[in-house]
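Containing mmCIF, C-alpha atoms and all ligand atoms: final-v4.cif.
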data_model
loop_
_atom_site.label_atom_id
_atom_site.label_comp_id
_atom_site.auth_asym_id
_atom_site.auth_seq_id
_atom_site.Cartn_x
_atom_site.Cartn_y
_atom_site.Cartn_z
CA MET A 21 136.10 244.97 129.53
CA ALA A 22 136.82 241.83 131.56
CA ILE A 23 134.92 240.07 134.33
CA LEU A 24 136.37 238.04 137.19
CA THR A 25 133.99 235.57 138.79
CA ASP A 26 133.96 232.20 140.56
CA ILE A 27 137.16 233.04 142.42
CA PRO A 28 138.23 230.93 145.43
CA PHE A 29 137.51 232.37 148.88
CA GLU A 30 137.73 231.07 152.43
CA LEU A 31 135.71 231.93 155.49
CA ASP A 32 137.46 231.12 158.76
CA PHE A 33 134.82 230.48 161.42
CA ALA A 34 137.26 230.96 164.32
CA ALA A 35 138.61 234.24 162.94
CA LEU A 36 135.13 235.59 162.21
CA SER A 37 133.94 234.57 165.69
CA ARG A 38 136.79 236.51 167.26
CA GLU A 39 136.16 239.54 165.06
CA LEU A 40 132.44 239.48 165.88
CA HIS A 41 132.98 238.71 169.60
CA VAL A 42 130.91 235.54 169.37
CA GLU A 43 131.71 233.10 172.19
CA PRO A 44 132.30 229.44 171.22
CA GLU A 45 129.70 226.80 172.11
CA THR A 46 126.90 229.36 172.40
CA GLU A 47 123.62 229.74 170.53
CA ASP A 48 125.13 232.73 168.71
CA ALA A 49 128.06 230.55 167.60
CA GLY A 50 125.64 228.05 166.08
CA GLU A 51 123.74 230.76 164.23
CA LEU A 52 126.97 232.31 162.94
CA ALA A 53 128.14 228.89 161.70
CA GLU A 54 124.84 228.47 159.83
CA LEU A 55 125.18 231.89 158.24
CA ILE A 56 128.75 231.17 157.14
CA GLU A 57 127.60 227.90 155.57
CA LYS A 58 124.92 229.74 153.59
CA VAL A 59 127.53 232.20 152.29
CA ARG A 60 129.93 229.37 151.40
CA ALA A 61 127.13 227.73 149.39
CA ILE A 62 126.14 230.72 147.25
CA GLY A 63 128.87 233.34 147.63
CA ASN A 64 130.37 234.54 144.35
CA PRO A 65 132.45 237.72 144.67
CA LYS A 66 133.12 239.32 141.28
CA ALA A 67 134.88 242.21 139.60
CA ILE A 68 134.78 244.04 136.31
CA TYR A 69 137.64 246.07 134.92
CA LYS A 70 138.84 247.65 131.70
CA GLU A 71 142.10 248.86 130.20
CA CYS A 72 141.53 252.51 129.24
CA TYR A 73 143.55 255.45 127.97
CA VAL A 74 143.64 259.12 128.95
CA GLU A 75 142.58 261.12 125.91
CA GLY A 76 142.48 264.70 127.16
CA ARG A 77 143.24 266.96 130.11
CA GLU A 78 141.92 270.31 131.27
CA ASP A 79 142.61 272.20 134.51
CA ASP A 80 139.82 270.47 136.45
CA ALA A 81 138.97 267.51 134.24
CA VAL A 82 140.37 264.49 132.50
CA THR A 83 138.87 262.52 129.63
CA ILE A 84 139.25 258.74 129.58
CA ASP A 85 138.00 256.68 126.62
CA GLY A 86 135.64 259.52 125.66
CA ILE A 87 134.18 260.10 129.15
CA THR A 88 135.12 263.29 131.00
CA PHE A 89 135.59 263.25 134.78
CA SER A 90 135.56 266.57 136.65
CA SER A 91 138.05 266.34 139.50
CA ARG A 92 141.16 268.42 139.91
CA ALA A 93 142.63 265.74 142.19
CA LEU A 94 142.07 263.01 139.58
CA ARG A 95 143.42 265.28 136.86
CA THR A 96 146.53 265.95 138.97
CA ASN A 97 147.05 262.27 139.79
CA LEU A 98 146.79 261.37 136.10
CA ALA A 99 149.28 264.00 134.91
CA GLY A 100 151.68 262.11 132.68
CA VAL A 101 149.66 258.88 132.93
CA GLU A 102 148.46 257.28 129.70
CA ARG A 103 146.88 253.97 130.75
CA VAL A 104 144.41 253.48 133.63
CA PHE A 105 142.21 250.68 134.94
CA PRO A 106 138.67 251.52 136.06
CA TYR A 107 137.06 248.76 138.11
CA VAL A 108 134.15 247.70 140.27
CA ALA A 109 134.55 244.81 142.73
CA THR A 110 131.75 243.32 144.78
CA CYS A 111 130.96 240.71 147.43
CA GLY A 112 128.24 239.55 145.00
CA GLU A 113 124.51 240.24 144.86
CA GLU A 114 123.70 236.63 145.82
CA LEU A 115 124.30 237.42 149.47
CA ASP A 116 121.51 240.03 149.53
CA GLY A 117 119.13 237.10 148.91
CA ILE A 118 119.95 235.43 152.23
CA ALA A 119 116.85 235.64 154.41
CA LEU A 120 117.58 236.79 157.95
CA PRO A 121 115.16 236.75 160.89
CA ASP A 122 113.04 239.95 160.88
CA GLY A 123 114.63 242.70 162.95
CA ASP A 124 117.75 240.68 163.74
CA PHE A 125 120.29 243.47 163.51
CA ILE A 126 123.04 241.27 164.96
CA GLN A 127 122.79 238.80 162.09
CA GLN A 128 122.61 241.69 159.64
CA PHE A 129 125.86 242.97 161.10
CA TRP A 130 127.42 239.51 160.87
CA LEU A 131 126.38 239.24 157.23
CA ASP A 132 127.81 242.68 156.44
CA THR A 133 131.10 241.62 158.02
CA ILE A 134 131.19 238.41 155.98
CA LYS A 135 130.34 240.40 152.83
CA ALA A 136 133.27 242.71 153.59
CA THR A 137 135.53 239.66 153.84
CA LEU A 138 134.45 238.49 150.39
CA LEU A 139 135.07 241.99 149.05
CA GLN A 140 138.62 241.79 150.41
CA PHE A 141 139.15 238.49 148.57
CA ILE A 142 137.95 239.81 145.22
CA THR A 143 139.84 243.10 145.59
CA ARG A 144 143.10 241.25 146.23
CA TYR A 145 142.34 238.90 143.32
CA LEU A 146 141.58 241.84 141.02
CA ASN A 147 144.80 243.66 141.94
CA ALA A 148 146.88 240.50 141.51
CA THR A 149 145.25 239.88 138.12
CA LEU A 150 146.03 243.41 136.92
CA ASP A 151 149.60 243.20 138.28
CA ARG A 152 150.22 239.91 136.48
CA LYS A 153 148.47 240.67 133.20
CA TYR A 154 149.78 244.20 132.69
CA ALA A 155 153.09 243.98 134.62
CA LEU A 156 152.12 247.01 136.69
CA GLY A 157 154.67 248.65 138.93
CA LYS A 158 153.68 251.04 141.70
CA THR A 159 150.05 252.09 141.50
CA SER A 160 147.42 253.94 143.50
CA ALA A 161 143.66 254.25 143.12
CA MET A 162 140.96 256.89 143.47
CA SER A 163 137.27 256.31 144.06
CA PRO A 164 134.37 258.68 143.38
CA GLY A 165 133.07 259.97 146.71
CA SER A 166 136.28 259.29 148.66
CA GLY A 167 138.00 262.16 150.42
CA ASP A 168 136.18 265.46 150.91
CA VAL A 169 132.97 265.56 148.89
CA THR A 170 134.45 268.05 146.45
CA VAL A 171 137.55 265.99 145.67
CA TRP A 172 135.77 263.63 143.26
CA PRO A 173 132.01 264.03 143.64
CA ILE A 174 130.17 260.76 144.14
CA GLU A 175 127.73 261.66 141.34
CA GLN A 176 130.51 260.72 138.94
CA GLN A 177 129.97 257.09 139.80
CA THR A 178 127.62 257.20 136.79
CA HIS A 179 130.58 258.20 134.56
CA LEU A 180 132.71 255.40 135.98
CA PHE A 181 129.96 252.84 135.41
CA ALA A 182 129.45 254.16 131.86
CA LEU A 183 133.18 253.72 131.23
CA LEU A 184 132.96 250.06 132.24
CA GLY A 185 129.82 249.23 130.25
CA ASP A 186 126.90 247.24 131.68
CA VAL A 187 128.07 246.73 135.26
CA LYS A 188 124.65 245.49 136.40
CA ASP A 189 124.53 242.82 133.73
CA GLY A 190 128.20 241.95 134.18
CA ILE A 191 128.54 241.59 137.95
CA GLY A 192 125.16 242.56 139.43
CA VAL A 193 126.16 245.95 140.85
CA GLU A 194 123.99 249.03 140.35
CA LEU A 195 123.77 252.56 141.73
CA ASN A 196 120.92 253.77 143.91
CA GLU A 197 119.45 257.27 143.86
CA SER A 198 122.28 258.47 146.13
CA PHE A 199 124.91 257.04 143.75
CA LEU A 200 125.82 254.39 146.32
CA MET A 201 126.50 250.89 145.07
CA VAL A 202 124.17 247.96 145.66
CA PRO A 203 125.26 245.47 147.04
CA ASN A 204 126.67 247.69 149.75
CA LYS A 205 130.00 245.86 150.02
CA SER A 206 131.26 246.92 146.62
CA LEU A 207 134.22 249.06 145.67
CA SER A 208 134.73 251.21 142.58
CA GLY A 209 137.63 253.28 141.36
CA ILE A 210 140.36 253.94 138.88
CA ARG A 211 143.78 252.37 139.40
CA PHE A 212 146.71 254.22 137.86
CA PRO A 213 150.51 254.00 137.82
CA THR A 214 152.35 256.40 140.09
CA GLU A 215 155.70 256.61 141.79
CA ILE A 216 154.18 258.56 144.69
CA ALA A 217 151.60 256.60 146.66
CA PHE A 218 148.23 258.36 146.95
CA GLN A 219 145.33 257.73 149.35
CA SER A 220 142.09 259.70 149.19
CA CYS A 221 142.26 260.00 153.00
CA GLN A 222 145.09 262.49 152.42
CA LEU A 223 142.43 264.81 150.96
CA CYS A 224 139.79 264.20 153.63
CA HIS A 225 139.10 266.52 156.59
CA ARG A 226 136.73 264.07 158.30
CA GLN A 227 137.64 263.43 161.94
CA PRO A 228 137.43 261.03 163.56
CA CYS A 229 137.28 258.19 161.02
CA SER A 230 138.00 254.63 162.12
CA SER A 231 138.78 253.66 158.51
CA ARG A 232 141.35 256.37 157.88
CA ALA A 233 144.31 254.88 155.97
CA ALA A 234 146.52 257.98 155.83
CA PRO A 235 146.66 261.29 157.69
CA PHE A 236 145.29 264.45 156.13
CA ASP A 237 148.05 266.03 154.02
CA LYS A 238 147.78 269.81 154.08
CA ALA A 239 150.65 270.30 151.63
CA LEU A 240 148.98 267.94 149.15
CA TRP A 241 145.61 269.62 149.74
CA ASP A 242 147.15 273.03 149.07
CA SER A 243 148.95 271.81 145.96
CA ILE A 244 145.80 270.23 144.48
CA GLY A 245 143.15 272.14 146.28
CA ASP A 246 142.97 275.40 144.34
CA GLY A 247 139.28 275.50 143.60
CA ILE A 248 138.37 272.74 146.08
CA GLU A 249 136.39 274.07 149.01
CA PRO A 250 136.79 272.16 152.31
CA GLU A 251 133.66 270.46 153.64
CA ALA A 252 131.60 272.61 155.99
S1 LIG B 301 139.35 259.47 156.23
FE1 LIG B 301 137.63 258.06 156.33
S2 LIG B 301 135.93 259.13 155.30
FE2 LIG B 301 137.84 260.17 154.71
S3 LIG B 301 138.44 259.18 152.78
FE3 LIG B 301 139.52 258.11 154.45
S4 LIG B 301 138.18 256.37 154.95
FE4 LIG B 301 136.93 257.84 153.76
#
Hey, can you dump this file as C-alpha cells for me?
Ligand code: SF4
Amino acid sequence: MAILTDIPFELDFAALSRELHVEPETEDAGELAELIEKVRAIGNPKAIYKECYVEGREDDAVTIDGITFSSRALRTNLAGVERVFPYVATCGEELDGIALPDGDFIQQFWLDTIKATLLQFITRYLNATLDRKYALGKTSAMSPGSGDVTVWPIEQQTHLFALLGDVKDGIGVELNESFLMVPNKSLSGIRFPTEIAFQSCQLCHRQPCSSRAAPFDKALWDSIGDGIEPEA
C-alpha cells in the first residue's frame, strides 16, 4: 500500500470566478478570494493505492488479494487480467474544517467546487504515478456504486477499503452509513489494464445525467447483464 500526499496544486482565481459566475470587483469576489486563500493554506489532496492480484474468478464474482467482490461487470472486465490497482483519492479532510458563515449555501457550493478541483489534481497525479511506476498501457477503472445500482453495489465500498488497509488513518477518508465517502469529494475504484476502454456510464440507465461520460451501451449491457436487473 502506498500513500501520495503533499502534492502540488494550483487554484486559479480567474478560472474559478468564471466557473462560479462571480463578477470581478464585487463583494462576492472578495469572499471567494478569501476562501481560495484558506484552501491554499491548508489544502492537502491525497491518495492511497495498492498493487494487487486477481486470485480467483466465479460467474458473478472475482477475488483480489483474498477479498471477494460480487459484480458480474467487474468479473467480466477482469477476465484475463492478473494485476489491478485499487485506490482512493481525496480532496483532503482538512477542507471540511474550514468554517463557513451559518446557512451560506453559496460559499458551501464554492467550497465544494474548489474541493472538486483538488480532487482532479490528485486523481491526475495518482494516474500519472501509476503509469510511470508500473509502465501501464491502456487502462480503465470501475467504482463501487457507479452505473446502475446492481452493476457493482455501493455496499462493496467496505471490501475496497478493506483491500487497501486503513484508509482513514492513511488519508483521512471514511465511509458513512450509506457507504458514501467522507470527505464528499473523494473517488474510489479499481484501475485495470484493458485494450477496450470501459466507462461505468455505459452500464447506467439514468437519464438525464449532466456528468455522463459515455452513452448507455445496450450491447455491452446485454453481454454483461445476464443476472443484472435494470433499475426501476
Ligand atoms: S450516467 Fe451519471 S449517474 Fe450514471 S454512472 Fe455515469 S455519471 Fe454516474
* **Shortest interatomic distance to Asn204 of chain A - which of A:Ala22, A:Leu139, A:Ile62, A:Ala49, counting all atoms listed in the file** =>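 The shortest atom-to-atom distance to Asn204 of chain A comes from A:Leu139.
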* Asked: Neighbours of ligand LIG 301 (chain B) within 12 Å, counting only C-alpha atoms and all ligand atoms, as a PyMOL selection string?
  -> chain A and resi 162-172+218-237+251
* **Shortest interatomic distance to Ser91 of chain A - which of A:Glu194, A:Asp32, A:Asp242, A:Glu175, counting only C-alpha atoms** =>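 For Ser91 of chain A, the nearest of the given residues is A:Glu175.
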* Which residue of A:Thr214, A:Pro173, A:Gln127, A:Asn64 approaches Leu200 of chain A most closely, using all atoms listed in the file ->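 Checking each of A:Thr214, A:Pro173, A:Gln127, A:Asn64 against Leu200 of chain A, counting all atoms listed in the file, the winner is A:Pro173.
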* Residue among A:Glu197, A:Asp85, A:Asp132, A:Glu71 lying closest to Leu115 of chain A, counting all atoms listed in the file ->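 Going through A:Glu197, A:Asp85, A:Asp132, A:Glu71 one by one, the smallest distance to Leu115 of chain A is for A:Asp132.
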* Structure fact -> atom CA of Ala99 of chain A to atom CA of Val187 of chain A measures 27.4 Å
* To do: Please provide as a PyMOL selection string all residues within 10 Å of segment 110-114 of chain A, with the sequence filter that same-chain residues fewer than 2 positions apart are discarded (counting all atoms listed in the file).
  => chain A and resi 25+59+62-68+108+116-118+132+134-143+188+191-194+201-208
* To do: Can you work out the spacing between atom CA of Gly190 of chain A and atom CA of Ile23 of chain A in Å, to one decimal?
  =>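 Atom CA of Gly190 of chain A sits 7.0 Å away from atom CA of Ile23 of chain A.
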* Structure fact -> Closest of A:Asp124, A:Glu215, A:Glu51, A:Glu78 to Gly157 of chain A, counting only C-alpha atoms, is A:Glu215
